[in-house]
>>> print(open('run_3.cif').read())   # mmCIF, C-alpha atoms
data_target
#
loop_
_atom_site.label_atom_id
_atom_site.label_comp_id
_atom_site.auth_asym_id
_atom_site.auth_seq_id
_atom_site.Cartn_x
_atom_site.Cartn_y
_atom_site.Cartn_z
CA MET A 74 119.28 162.07 81.15
CA LEU A 75 118.22 160.80 77.73
CA ARG A 76 115.37 162.11 75.61
CA LEU A 77 113.51 159.09 74.26
CA THR A 78 110.41 158.18 72.32
CA VAL A 79 107.87 155.86 73.86
CA ALA A 80 109.05 153.07 71.56
CA GLU A 81 112.66 153.59 72.66
CA MET A 82 111.67 153.48 76.35
CA ILE A 83 109.66 150.31 75.85
CA SER A 84 112.55 148.74 73.94
CA LYS A 85 114.93 149.45 76.81
CA ILE A 86 112.43 148.06 79.31
CA GLY A 87 112.10 144.93 77.18
CA LYS A 88 115.88 144.50 77.29
CA GLU A 89 115.95 145.27 81.05
CA GLU A 90 118.30 148.21 80.51
CA PRO A 91 118.63 150.81 83.29
CA PHE A 92 118.16 154.39 82.06
CA HIS A 93 117.11 157.91 83.02
CA ALA A 94 114.93 159.58 80.40
CA VAL A 95 112.44 162.27 79.62
CA SER A 96 109.83 161.54 76.98
CA LYS A 97 110.38 163.04 73.53
CA ASP A 98 107.63 165.62 74.17
CA TYR A 99 108.87 166.36 77.72
CA SER A 100 105.60 165.20 79.27
CA PHE A 101 107.00 162.67 81.77
CA THR A 102 110.24 161.28 83.16
CA LEU A 103 111.25 157.72 83.93
CA LYS A 104 114.23 156.72 86.02
CA ILE A 105 115.31 153.08 86.26
CA ASP A 106 118.51 152.61 88.25
CA SER A 107 117.82 148.89 88.50
CA TYR A 108 114.79 146.69 87.90
CA SER A 109 112.90 146.05 91.10
CA TYR A 110 109.58 144.74 92.39
CA TYR A 111 108.63 148.26 93.53
CA LEU A 112 107.91 151.38 91.53
CA CYS A 113 107.11 154.92 92.63
CA GLY A 114 104.80 157.17 90.65
CA ALA A 115 104.10 160.90 90.94
CA VAL A 116 101.50 161.58 88.29
CA HIS A 117 100.48 165.04 89.57
CA ASP A 118 103.98 166.39 90.26
CA GLY A 119 104.08 168.37 87.01
CA HIS A 120 103.47 172.10 86.59
CA GLN A 121 104.18 172.62 82.87
CA PHE A 122 101.31 174.18 80.94
CA ARG A 123 101.52 174.61 77.17
CA GLN A 124 101.88 178.26 76.19
CA GLU A 125 99.26 177.94 73.44
CA LEU A 126 96.70 177.28 76.21
CA TRP A 127 97.53 180.27 78.42
CA GLU A 128 95.29 182.88 76.86
CA ASN A 129 92.26 180.59 76.93
CA CYS A 130 92.76 179.46 80.55
CA LEU A 131 90.75 181.22 83.28
CA HIS A 132 92.75 179.76 86.17
CA THR A 133 95.90 181.54 87.35
CA GLU A 134 99.24 179.82 87.75
CA TYR A 135 98.73 179.87 91.51
CA GLU A 136 95.30 178.23 91.21
CA ARG A 137 96.85 175.47 89.13
CA TRP A 138 99.74 174.99 91.55
CA TYR A 139 97.29 174.83 94.47
CA GLU A 140 95.63 171.73 93.00
CA GLU A 141 98.82 170.03 91.81
CA ASP A 142 101.08 167.80 93.92
CA PRO A 143 104.39 169.66 94.06
CA CYS A 144 107.44 167.83 95.43
CA THR A 145 105.88 164.36 95.30
CA ARG A 146 108.54 163.23 92.86
CA GLN A 147 111.28 164.63 95.09
CA MET A 148 109.97 162.64 98.04
CA VAL A 149 110.78 159.36 96.23
CA GLN A 150 113.52 160.44 93.83
CA SER A 151 116.12 158.14 95.42
CA MET A 152 114.08 155.00 94.75
CA PRO A 153 115.33 152.64 92.01
CA MET A 154 112.35 153.19 89.69
CA VAL A 155 110.36 156.44 89.50
CA ILE A 156 107.89 157.64 86.87
CA ALA A 157 106.56 161.19 87.12
CA GLY A 158 104.40 163.55 85.12
CA CYS A 159 105.88 166.87 83.99
CA ASP A 160 102.67 168.49 82.75
CA SER A 161 100.01 170.11 84.89
CA ARG A 162 96.84 168.17 85.53
CA PHE A 163 95.07 171.28 84.17
CA GLU A 164 96.25 170.35 80.68
CA TYR A 165 95.30 166.68 81.08
CA ASP A 166 94.97 164.63 84.22
CA LEU A 167 96.98 161.41 84.26
CA ASN A 168 94.90 160.24 87.20
CA ARG A 169 91.70 160.30 85.16
CA ALA A 170 90.56 158.05 82.34
CA PRO A 171 91.09 159.50 78.84
CA ASP A 172 87.45 160.49 78.38
CA THR A 173 87.53 162.73 81.49
CA ALA A 174 91.25 163.67 81.53
CA ILE A 175 90.71 167.15 80.05
CA TYR A 176 88.81 169.39 82.42
CA VAL A 177 85.87 171.56 81.45
CA ASP A 178 85.81 173.09 84.91
CA ALA A 179 88.08 172.52 87.88
CA TRP A 180 87.11 172.70 91.54
CA GLY A 181 83.92 174.63 90.82
CA LYS A 182 85.41 177.15 88.41
CA LYS A 183 85.14 177.13 84.63
CA LEU A 184 88.58 176.39 83.15
CA TRP A 185 88.44 177.65 79.56
CA ARG A 186 87.21 180.99 78.15
CA SER A 187 85.99 179.08 75.10
CA PRO A 188 85.79 175.32 74.51
CA LEU A 189 89.08 173.74 73.47
CA ASP A 190 89.51 172.87 69.80
CA GLN A 191 89.82 169.15 69.20
CA LYS A 192 93.40 169.57 67.95
CA PHE A 193 94.45 170.84 71.40
CA LYS A 194 92.65 167.96 73.11
CA ASP A 195 94.23 165.42 70.77
CA LYS A 196 97.73 166.72 71.52
CA SER A 197 97.15 166.35 75.26
CA LEU A 198 95.47 162.96 75.03
CA ALA A 199 98.38 161.63 72.96
CA LYS A 200 100.65 162.41 75.92
CA HIS A 201 98.23 160.70 78.30
CA SER A 202 98.24 157.61 76.08
CA ALA A 203 102.04 157.59 75.78
CA PHE A 204 102.44 157.65 79.56
CA TYR A 205 100.22 154.62 80.01
CA GLU A 206 101.93 152.69 77.23
CA VAL A 207 105.14 152.98 79.22
CA VAL A 208 103.45 152.23 82.54
CA HIS A 209 101.96 149.07 81.04
CA ALA A 210 105.29 147.89 79.66
CA LEU A 211 107.07 148.59 82.93
CA VAL A 212 104.62 146.85 85.26
CA GLU A 213 104.39 143.94 82.82
CA LYS A 214 108.18 143.60 83.02
CA MET A 215 108.13 143.82 86.83
CA GLU A 216 105.60 140.99 87.11
CA ALA A 217 107.51 138.91 84.57
CA LEU A 218 110.78 139.33 86.46
CA PHE A 219 109.54 139.05 90.04
CA GLY A 220 106.10 137.41 89.99
CA ALA A 221 104.57 140.30 91.94
CA ALA A 222 105.04 144.04 92.31
CA ILE A 223 104.04 147.02 94.41
CA VAL A 224 103.52 150.60 93.23
CA TYR A 225 103.59 153.61 95.53
CA ASP A 226 101.22 156.16 93.99
CA MET A 227 102.38 159.44 95.54
CA HIS A 228 100.04 162.42 95.95
CA SER A 229 99.36 165.38 98.18
CA TYR A 230 96.24 167.24 99.23
CA ASN A 231 95.19 170.61 100.61
CA TRP A 232 94.45 170.01 104.26
CA LYS A 233 93.40 173.57 105.07
CA ARG A 234 90.24 173.31 102.95
CA TRP A 235 88.85 170.66 105.33
CA ASP A 236 86.69 171.77 108.23
CA ARG A 237 87.81 168.91 110.47
CA PRO A 238 91.09 167.37 111.57
CA VAL A 239 92.61 165.29 108.76
CA PRO A 240 95.62 162.94 108.70
CA VAL A 241 99.06 164.05 107.58
CA VAL A 242 99.14 160.89 105.45
CA ASN A 243 96.07 159.19 103.99
CA LEU A 244 96.00 155.88 102.11
CA GLY A 245 93.21 155.22 99.61
CA THR A 246 92.43 151.51 99.42
CA SER A 247 88.84 151.22 98.18
CA ASN A 248 89.93 149.91 94.76
CA ILE A 249 92.57 147.37 95.77
CA ASP A 250 91.93 143.70 96.54
CA ASN A 251 91.59 144.12 100.28
CA ASP A 252 91.18 140.39 100.88
CA ARG A 253 94.77 139.93 99.74
CA PHE A 254 96.32 143.30 100.43
CA SER A 255 94.70 145.11 103.37
CA ALA A 256 97.38 143.96 105.82
CA PHE A 257 100.10 145.49 103.63
CA ALA A 258 98.17 148.78 103.45
CA LYS A 259 97.80 148.88 107.23
CA ALA A 260 101.50 148.13 107.66
CA TRP A 261 102.37 150.98 105.26
CA ALA A 262 100.16 153.38 107.23
CA ASN A 263 101.85 152.31 110.45
CA GLN A 264 105.32 152.82 108.99
CA LEU A 265 104.41 156.25 107.63
CA GLY A 266 103.19 157.19 111.08
CA THR A 267 106.76 156.90 112.39
CA ILE A 268 107.99 159.79 110.20
CA LYS A 269 109.40 162.63 112.29
CA LEU A 270 108.79 166.08 110.83
CA PRO A 271 110.16 169.51 111.74
CA ASN A 272 108.09 172.52 112.76
CA ASP A 273 106.27 170.54 115.47
CA ILE A 274 104.29 168.55 112.89
CA ILE A 275 102.89 165.31 114.31
CA THR A 276 102.56 162.62 111.63
CA THR A 277 99.07 161.16 111.84
CA THR A 278 97.82 158.57 109.37
CA GLY A 279 94.46 157.38 108.08
CA ILE A 280 93.01 154.93 105.59
CA ASN A 281 90.18 156.15 103.34
CA ASP A 282 89.78 159.18 105.56
CA THR A 283 90.04 162.07 103.10
CA PHE A 284 90.33 160.15 99.82
CA GLN A 285 89.57 156.57 98.92
CA GLY A 286 92.05 155.82 96.13
CA ASN A 287 89.78 156.32 93.11
CA GLY A 288 92.47 157.52 90.69
CA TYR A 289 92.97 156.12 87.19
CA PHE A 290 96.67 155.31 87.76
CA LEU A 291 95.73 152.88 90.53
CA LYS A 292 92.67 151.57 88.69
CA TYR A 293 94.54 151.05 85.41
CA ILE A 294 97.34 149.03 86.98
CA THR A 295 94.96 147.06 89.21
CA ALA A 296 92.69 146.20 86.28
CA ASN A 297 95.53 145.04 84.05
CA PHE A 298 97.90 143.33 86.51
CA ASP A 299 96.56 140.87 89.05
CA GLU A 300 99.81 140.45 90.98
CA THR A 301 100.52 144.16 91.54
CA LEU A 302 99.41 146.18 94.56
CA VAL A 303 99.06 149.96 94.16
CA LEU A 304 99.00 152.05 97.32
CA ALA A 305 97.63 155.57 96.81
CA THR A 306 99.66 157.54 99.36
CA GLU A 307 98.61 161.15 100.00
CA PHE A 308 100.60 163.58 102.12
CA SER A 309 98.69 166.61 103.31
CA LYS A 310 100.45 169.80 102.27
CA VAL A 311 102.06 170.36 105.63
CA TYR A 312 105.25 170.73 103.57
CA CYS A 313 104.12 174.06 102.12
CA ASP A 314 101.89 177.05 102.76
CA GLU A 315 98.97 176.39 100.44
CA TYR A 316 97.77 179.98 100.52
CA GLU A 317 101.09 181.81 100.31
CA TYR A 318 102.59 179.64 97.52
CA ILE A 319 105.66 178.73 99.62
CA ILE A 320 107.40 175.34 99.83
CA PHE A 321 109.02 174.32 103.13
CA PRO A 322 112.15 172.50 101.88
CA GLU A 323 113.12 171.24 105.33
CA VAL A 324 109.83 169.33 105.58
CA VAL A 325 110.12 167.91 102.06
CA SER A 326 113.68 166.79 102.81
CA ALA A 327 112.60 165.14 106.07
CA ILE A 328 109.95 163.13 104.23
CA GLU A 329 112.38 162.19 101.47
CA ASP A 330 115.13 161.15 103.89
CA GLN A 331 112.88 158.89 105.93
CA LEU A 332 111.17 157.32 102.92
CA LYS A 333 114.65 156.24 101.77
CA THR A 334 114.51 153.70 104.60
CA LEU A 335 110.81 153.10 105.17
CA LEU A 336 109.72 152.50 101.60
CA PRO A 337 112.26 149.78 100.64
CA VAL A 338 111.62 148.01 103.96
CA HIS A 339 107.88 147.96 103.36
CA ALA A 340 108.33 146.85 99.74
CA SER A 341 110.64 144.02 100.80
CA THR A 342 108.18 142.85 103.45
CA PHE A 343 105.34 142.92 100.94
CA TYR A 344 107.32 141.00 98.34
CA THR A 345 108.68 138.36 100.70
CA ASN A 346 105.36 137.67 102.39
CA TYR A 347 103.25 137.78 99.25
CA ILE A 348 105.53 135.55 97.22
CA SER A 349 105.82 133.02 100.06
CA LYS A 350 102.02 132.79 100.30
CA LYS A 351 101.72 132.34 96.53
CA GLU A 352 104.12 129.42 96.68
CA LEU A 353 102.19 127.56 99.37
#
>>> encode(input="run_3.cif", output="structure tokens")
Amino acid sequence: MLRLTVAEMISKIGKEEPFHAVSKDYSFTLKIDSYSYYLCGAVHDGHQFRQELWENCLHTEYERWYEEDPCTRQMVQSMPMVIAGCDSRFEYDLNRAPDTAIYVDAWGKKLWRSPLDQKFKDKSLAKHSAFYEVVHALVEKMEALFGAAIVYDMHSYNWKRWDRPVPVVNLGTSNIDNDRFSAFAKAWANQLGTIKLPNDIITTTGINDTFQGNGYFLKYITANFDETLVLATEFSKVYCDEYEYIIFPEVVSAIEDQLKTLLPVHASTFYTNYISKKEL
């Protein structure tokens, strides 16, 4: 894996060069095995938290982990193009706009003992900006090469905090162009419902059940690229024990193994059908 600046990544994307890289500041990774019409993102996969922030942070490591999306990068790591955050959303949230990306409180609890100095905020927001510079260049290249693109925006959520039955996989579609894309979202939900999981877990699916797809990653791409569909795909944390801080690797592996087949098939169907309709 290379260590590259944002400018170096964008240069390679411009030249359509495959590469595996971590950003110069170690805030995100980008893997491009080959250029494709589908991209996977895992913006909340990261757990890194700058040491200079530790003393001022009121949340424990476990509390941060509980609200992050561990293993979401692993679930799609075999796909040809994957971009993933390395830093915790408690430093800055890549799924929020810059003006709200740094939390004051988080899930009802004050985050900082004392307000952050602007220099700390600026350092974090620079990483947020760098990530989106690369996202923009990459999706722009995808549309230029293929005429349309699809992005799988991978997340997870804490199902045990709900006081009602919730789906194992939820798609958030409230901010996509449903006139054009709702059929592809429904097809993705149906395909995800075929996933077989160990430990007697039955894979149920829903659309806009627990979350509606209001994240900045989806909104940014949708606002800037008219021919790209972003599907916010949230797995409930059936793949771990939320309260005991334990990952179930056999469940993560089962999801990853089946997405290796399901995701490219769905992406191909989207691309073929969407492009054929555009050409009519």
>>> residues_around(input="run_3.cif", residues="Asp330 (chain A)", least_positions_apart="6", cutoff="10 Å", atoms="only C-alpha atoms", output="compact mmCIF listing (two decimals) with C-alpha atoms, keeping the file's coordinate frame")
# COMPACT_ATOMS: atom_id res chain seq x y z
CA MET A 148 109.97 162.64 98.04
CA VAL A 149 110.78 159.36 96.23
CA SER A 151 116.12 158.14 95.42
CA ILE A 268 107.99 159.79 110.20
CA VAL A 324 109.83 169.33 105.58
>>> closest_atom_pairs(input="run_3.cif", of="region 97-133 of chain A", to="region 222-240 of chain A", cutoff="9 Å", atoms="all atoms listed in the file", output="tab-separated table")
residue	atom	partner	partner_atom	distance
A:Ser109	CA	A:Ala222	CA	8.2
A:Tyr110	CA	A:Ala222	CA	4.6
A:Tyr111	CA	A:Ile223	CA	4.8
A:Leu112	CA	A:Val224	CA	4.8
A:Cys113	CA	A:Tyr225	CA	4.7
A:Gly114	CA	A:Asp226	CA	5.0
A:Ala115	CA	A:Met227	CA	5.1
A:Val116	CA	A:Met227	CA	7.6
A:His117	CA	A:His228	CA	6.9
A:Asp118	CA	A:His228	CA	8.0
>>> closest_residue(input="run_3.cif", among="A:Leu189, A:Ala210, A:Ala170, A:Val303", to="Ala80 (chain A)", atoms="all atoms listed in the file")
A:Ala210
>>> resolve_selection(input="run_3.cif", expression="the PyMOL selection byres ((chain A and resi 92-97) around 9)", output="ChimeraX atom specification")
/A:74-79,82,85-86,90-91,98-107,203-204
>>> atom_distance(input="run_3.cif", atom1="CA of Gln264 (chain A)", atom2="CA of Asn251 (chain A)")
18.4 Å
>>> residues_around(input="run_3.cif", residues="Leu265 (chain A)", least_positions_apart="5", cutoff="8 Å", atoms="only C-alpha atoms", output="count of residues only")
4
>>> resolve_selection(input="run_3.cif", expression="the PyMOL selection byres ((chain A and resi 295) around 12)", output="MDAnalysis selection string")
chainID A and resid 208:209 212:213 222:224 246:251 254 286:294 296:305
>>> closest_residue(input="run_3.cif", among="A:Ala179, A:Ala256, A:Ala157, A:Leu270", to="Cys144 (chain A)", atoms="all atoms listed in the file")
A:Ala157
>>> atom_distance(input="run_3.cif", atom1="CA of Glu89 (chain A)", atom2="CA of Val207 (chain A)")
13.4 Å
>>> closest_residue(input="run_3.cif", among="A:Phe308, A:Phe343, A:Tyr165, A:Phe122", to="Ala258 (chain A)", atoms="all atoms listed in the file")
A:Phe343
>>> closest_residue(input="run_3.cif", among="A:Gly158, A:Gly181, A:Gly266, A:Gly279", to="His132 (chain A)", atoms="only C-alpha atoms")
A:Gly181
>>> residues_near_point(input="run_3.cif", point="(106.1, 170.3, 92.8)", cutoff="9 Å", atoms="all atoms listed in the file", output="number ranges by chain")
A: 117-120, 138, 141-147, 320
>>> closest_residue(input="run_3.cif", among="A:Leu211, A:Ser341, A:Gln285, A:Asp273", to="Tyr312 (chain A)", atoms="all atoms listed in the file")
A:Asp273
>>> atom_distance(input="run_3.cif", atom1="CA of Thr345 (chain A)", atom2="CA of Thr277 (chain A)")
27.1 Å
>>> residues_around(input="run_3.cif", residues="Leu126 (chain A)", least_positions_apart="6", cutoff="10 Å", atoms="only C-alpha atoms", output="PyMOL selection string")
chain A and resi 164+185+189+193
>>> closest_residue(input="run_3.cif", among="A:Asn272, A:Thr133, A:Asn281, A:Gln191", to="Val325 (chain A)", atoms="all atoms listed in the file")
A:Asn272
>>> axis_aligned_box(input="run_3.cif", around="region 104-107 of chain A", padding_each_side="3 Å", output="AutoDock Vina command-line options")
--center_x 116.4 --center_y 152.8 --center_z 87.3 --size_x 10.3 --size_y 13.8 --size_z 8.5
>>> residues_around(input="run_3.cif", residues="Tyr347 (chain A)", least_positions_apart="5", cutoff="9 Å", atoms="only C-alpha atoms", output="PyMOL selection string")
chain A and resi 221+253-254+342+352
>>> resolve_selection(input="run_3.cif", expression="the PyMOL selection byres ((chain A and resi 130) around 12)", output="short mmCIF file (atom, residue, chain, number, x, y, z; two decimals) with C-alpha atoms, in the coordinates of the input")
data_model
loop_
_atom_site.label_atom_id
_atom_site.label_comp_id
_atom_site.auth_asym_id
_atom_site.auth_seq_id
_atom_site.Cartn_x
_atom_site.Cartn_y
_atom_site.Cartn_z
CA PHE A 122 101.31 174.18 80.94
CA ARG A 123 101.52 174.61 77.17
CA GLN A 124 101.88 178.26 76.19
CA GLU A 125 99.26 177.94 73.44
CA LEU A 126 96.70 177.28 76.21
CA TRP A 127 97.53 180.27 78.42
CA GLU A 128 95.29 182.88 76.86
CA ASN A 129 92.26 180.59 76.93
CA LEU A 131 90.75 181.22 83.28
CA HIS A 132 92.75 179.76 86.17
CA THR A 133 95.90 181.54 87.35
CA GLU A 134 99.24 179.82 87.75
CA GLU A 136 95.30 178.23 91.21
CA ARG A 137 96.85 175.47 89.13
CA PHE A 163 95.07 171.28 84.17
CA GLU A 164 96.25 170.35 80.68
CA TYR A 176 88.81 169.39 82.42
CA VAL A 177 85.87 171.56 81.45
CA ASP A 178 85.81 173.09 84.91
CA ALA A 179 88.08 172.52 87.88
CA LYS A 182 85.41 177.15 88.41
CA LYS A 183 85.14 177.13 84.63
CA LEU A 184 88.58 176.39 83.15
CA TRP A 185 88.44 177.65 79.56
CA ARG A 186 87.21 180.99 78.15
CA SER A 187 85.99 179.08 75.10
CA PRO A 188 85.79 175.32 74.51
CA LEU A 189 89.08 173.74 73.47
#
>>> build_atoms(input="run_3.cif", residues="region 135-146 of chain A", atoms="all heavy atoms", output="short mmCIF file (atom, residue, chain, number, x, y, z; two decimals), in the coordinates of the input")
data_model
loop_
_atom_site.label_atom_id
_atom_site.label_comp_id
_atom_site.auth_asym_id
_atom_site.auth_seq_id
_atom_site.Cartn_x
_atom_site.Cartn_y
_atom_site.Cartn_z
N TYR A 135 98.85 180.26 90.11
CA TYR A 135 98.73 179.87 91.51
C TYR A 135 97.57 178.88 91.70
O TYR A 135 97.71 177.89 92.42
CB TYR A 135 98.52 181.08 92.42
CG TYR A 135 98.03 180.68 93.79
CD1 TYR A 135 98.88 180.06 94.70
CD2 TYR A 135 96.68 180.85 94.15
CE1 TYR A 135 98.42 179.63 95.94
CE2 TYR A 135 96.23 180.43 95.38
CZ TYR A 135 97.09 179.83 96.28
OH TYR A 135 96.62 179.39 97.50
N GLU A 136 96.44 179.14 91.07
CA GLU A 136 95.30 178.23 91.21
C GLU A 136 95.63 176.84 90.69
O GLU A 136 95.18 175.84 91.26
CB GLU A 136 94.09 178.81 90.48
CG GLU A 136 93.46 180.00 91.19
CD GLU A 136 92.35 180.63 90.37
OE1 GLU A 136 92.57 180.90 89.17
OE2 GLU A 136 91.26 180.87 90.94
N ARG A 137 96.43 176.77 89.63
CA ARG A 137 96.85 175.47 89.13
C ARG A 137 97.79 174.80 90.12
O ARG A 137 97.63 173.63 90.45
CB ARG A 137 97.50 175.61 87.74
CG ARG A 137 96.56 176.16 86.68
CD ARG A 137 97.09 175.97 85.27
NE ARG A 137 98.37 176.60 85.01
CZ ARG A 137 98.53 177.84 84.57
NH1 ARG A 137 97.47 178.62 84.37
NH2 ARG A 137 99.73 178.32 84.34
N TRP A 138 98.78 175.54 90.58
CA TRP A 138 99.74 174.99 91.55
C TRP A 138 99.03 174.47 92.80
O TRP A 138 99.38 173.41 93.33
CB TRP A 138 100.74 176.08 91.94
CG TRP A 138 101.71 175.70 93.01
CD1 TRP A 138 102.90 175.04 92.86
CD2 TRP A 138 101.58 175.95 94.43
NE1 TRP A 138 103.52 174.87 94.09
CE2 TRP A 138 102.73 175.43 95.05
CE3 TRP A 138 100.60 176.57 95.21
CZ2 TRP A 138 102.92 175.49 96.43
CZ3 TRP A 138 100.78 176.63 96.58
CH2 TRP A 138 101.94 176.09 97.18
N TYR A 139 98.03 175.18 93.25
CA TYR A 139 97.29 174.83 94.47
C TYR A 139 96.70 173.43 94.37
O TYR A 139 96.64 172.69 95.36
CB TYR A 139 96.20 175.87 94.71
CG TYR A 139 95.36 175.64 95.94
CD1 TYR A 139 95.83 175.98 97.21
CD2 TYR A 139 94.08 175.09 95.84
CE1 TYR A 139 95.05 175.77 98.33
CE2 TYR A 139 93.30 174.88 96.96
CZ TYR A 139 93.78 175.23 98.21
OH TYR A 139 93.00 175.02 99.33
N GLU A 140 96.27 173.03 93.18
CA GLU A 140 95.63 171.73 93.00
C GLU A 140 96.58 170.65 92.50
O GLU A 140 96.19 169.48 92.38
CB GLU A 140 94.45 171.85 92.04
CG GLU A 140 93.39 172.85 92.45
CD GLU A 140 92.64 172.47 93.72
OE1 GLU A 140 92.86 171.36 94.25
OE2 GLU A 140 91.86 173.30 94.21
N GLU A 141 97.82 171.02 92.20
CA GLU A 141 98.82 170.03 91.81
C GLU A 141 99.47 169.42 93.04
O GLU A 141 99.15 169.77 94.18
CB GLU A 141 99.86 170.69 90.90
CG GLU A 141 99.29 171.17 89.57
CD GLU A 141 100.13 172.23 88.88
OE1 GLU A 141 101.13 172.70 89.47
OE2 GLU A 141 99.77 172.59 87.74
N ASP A 142 100.40 168.50 92.82
CA ASP A 142 101.08 167.80 93.92
C ASP A 142 102.58 168.08 93.89
O ASP A 142 103.39 167.18 93.62
CB ASP A 142 100.84 166.29 93.83
CG ASP A 142 99.38 165.91 94.00
OD1 ASP A 142 98.58 166.78 94.38
OD2 ASP A 142 99.05 164.74 93.73
N PRO A 143 102.97 169.32 94.14
CA PRO A 143 104.39 169.66 94.06
C PRO A 143 105.22 168.83 95.04
O PRO A 143 104.76 168.48 96.12
CB PRO A 143 104.42 171.14 94.43
CG PRO A 143 103.16 171.38 95.21
CD PRO A 143 102.15 170.46 94.60
N CYS A 144 106.42 168.51 94.61
CA CYS A 144 107.44 167.83 95.43
C CYS A 144 107.19 166.34 95.63
O CYS A 144 107.99 165.67 96.29
CB CYS A 144 107.61 168.50 96.80
SG CYS A 144 108.03 170.25 96.72
N THR A 145 106.12 165.79 95.09
CA THR A 145 105.88 164.36 95.30
C THR A 145 106.92 163.49 94.59
O THR A 145 107.22 162.39 95.06
CB THR A 145 104.46 163.98 94.87
OG1 THR A 145 104.17 164.52 93.57
CG2 THR A 145 103.43 164.50 95.86
N ARG A 146 107.44 163.98 93.49
CA ARG A 146 108.54 163.23 92.86
C ARG A 146 109.79 163.30 93.72
O ARG A 146 110.49 162.30 93.90
CB ARG A 146 108.84 163.79 91.46
CG ARG A 146 109.97 163.04 90.75
CD ARG A 146 110.38 163.73 89.46
NE ARG A 146 111.45 163.01 88.80
CZ ARG A 146 112.74 163.09 89.12
NH1 ARG A 146 113.13 163.87 90.13
NH2 ARG A 146 113.64 162.40 88.46
#
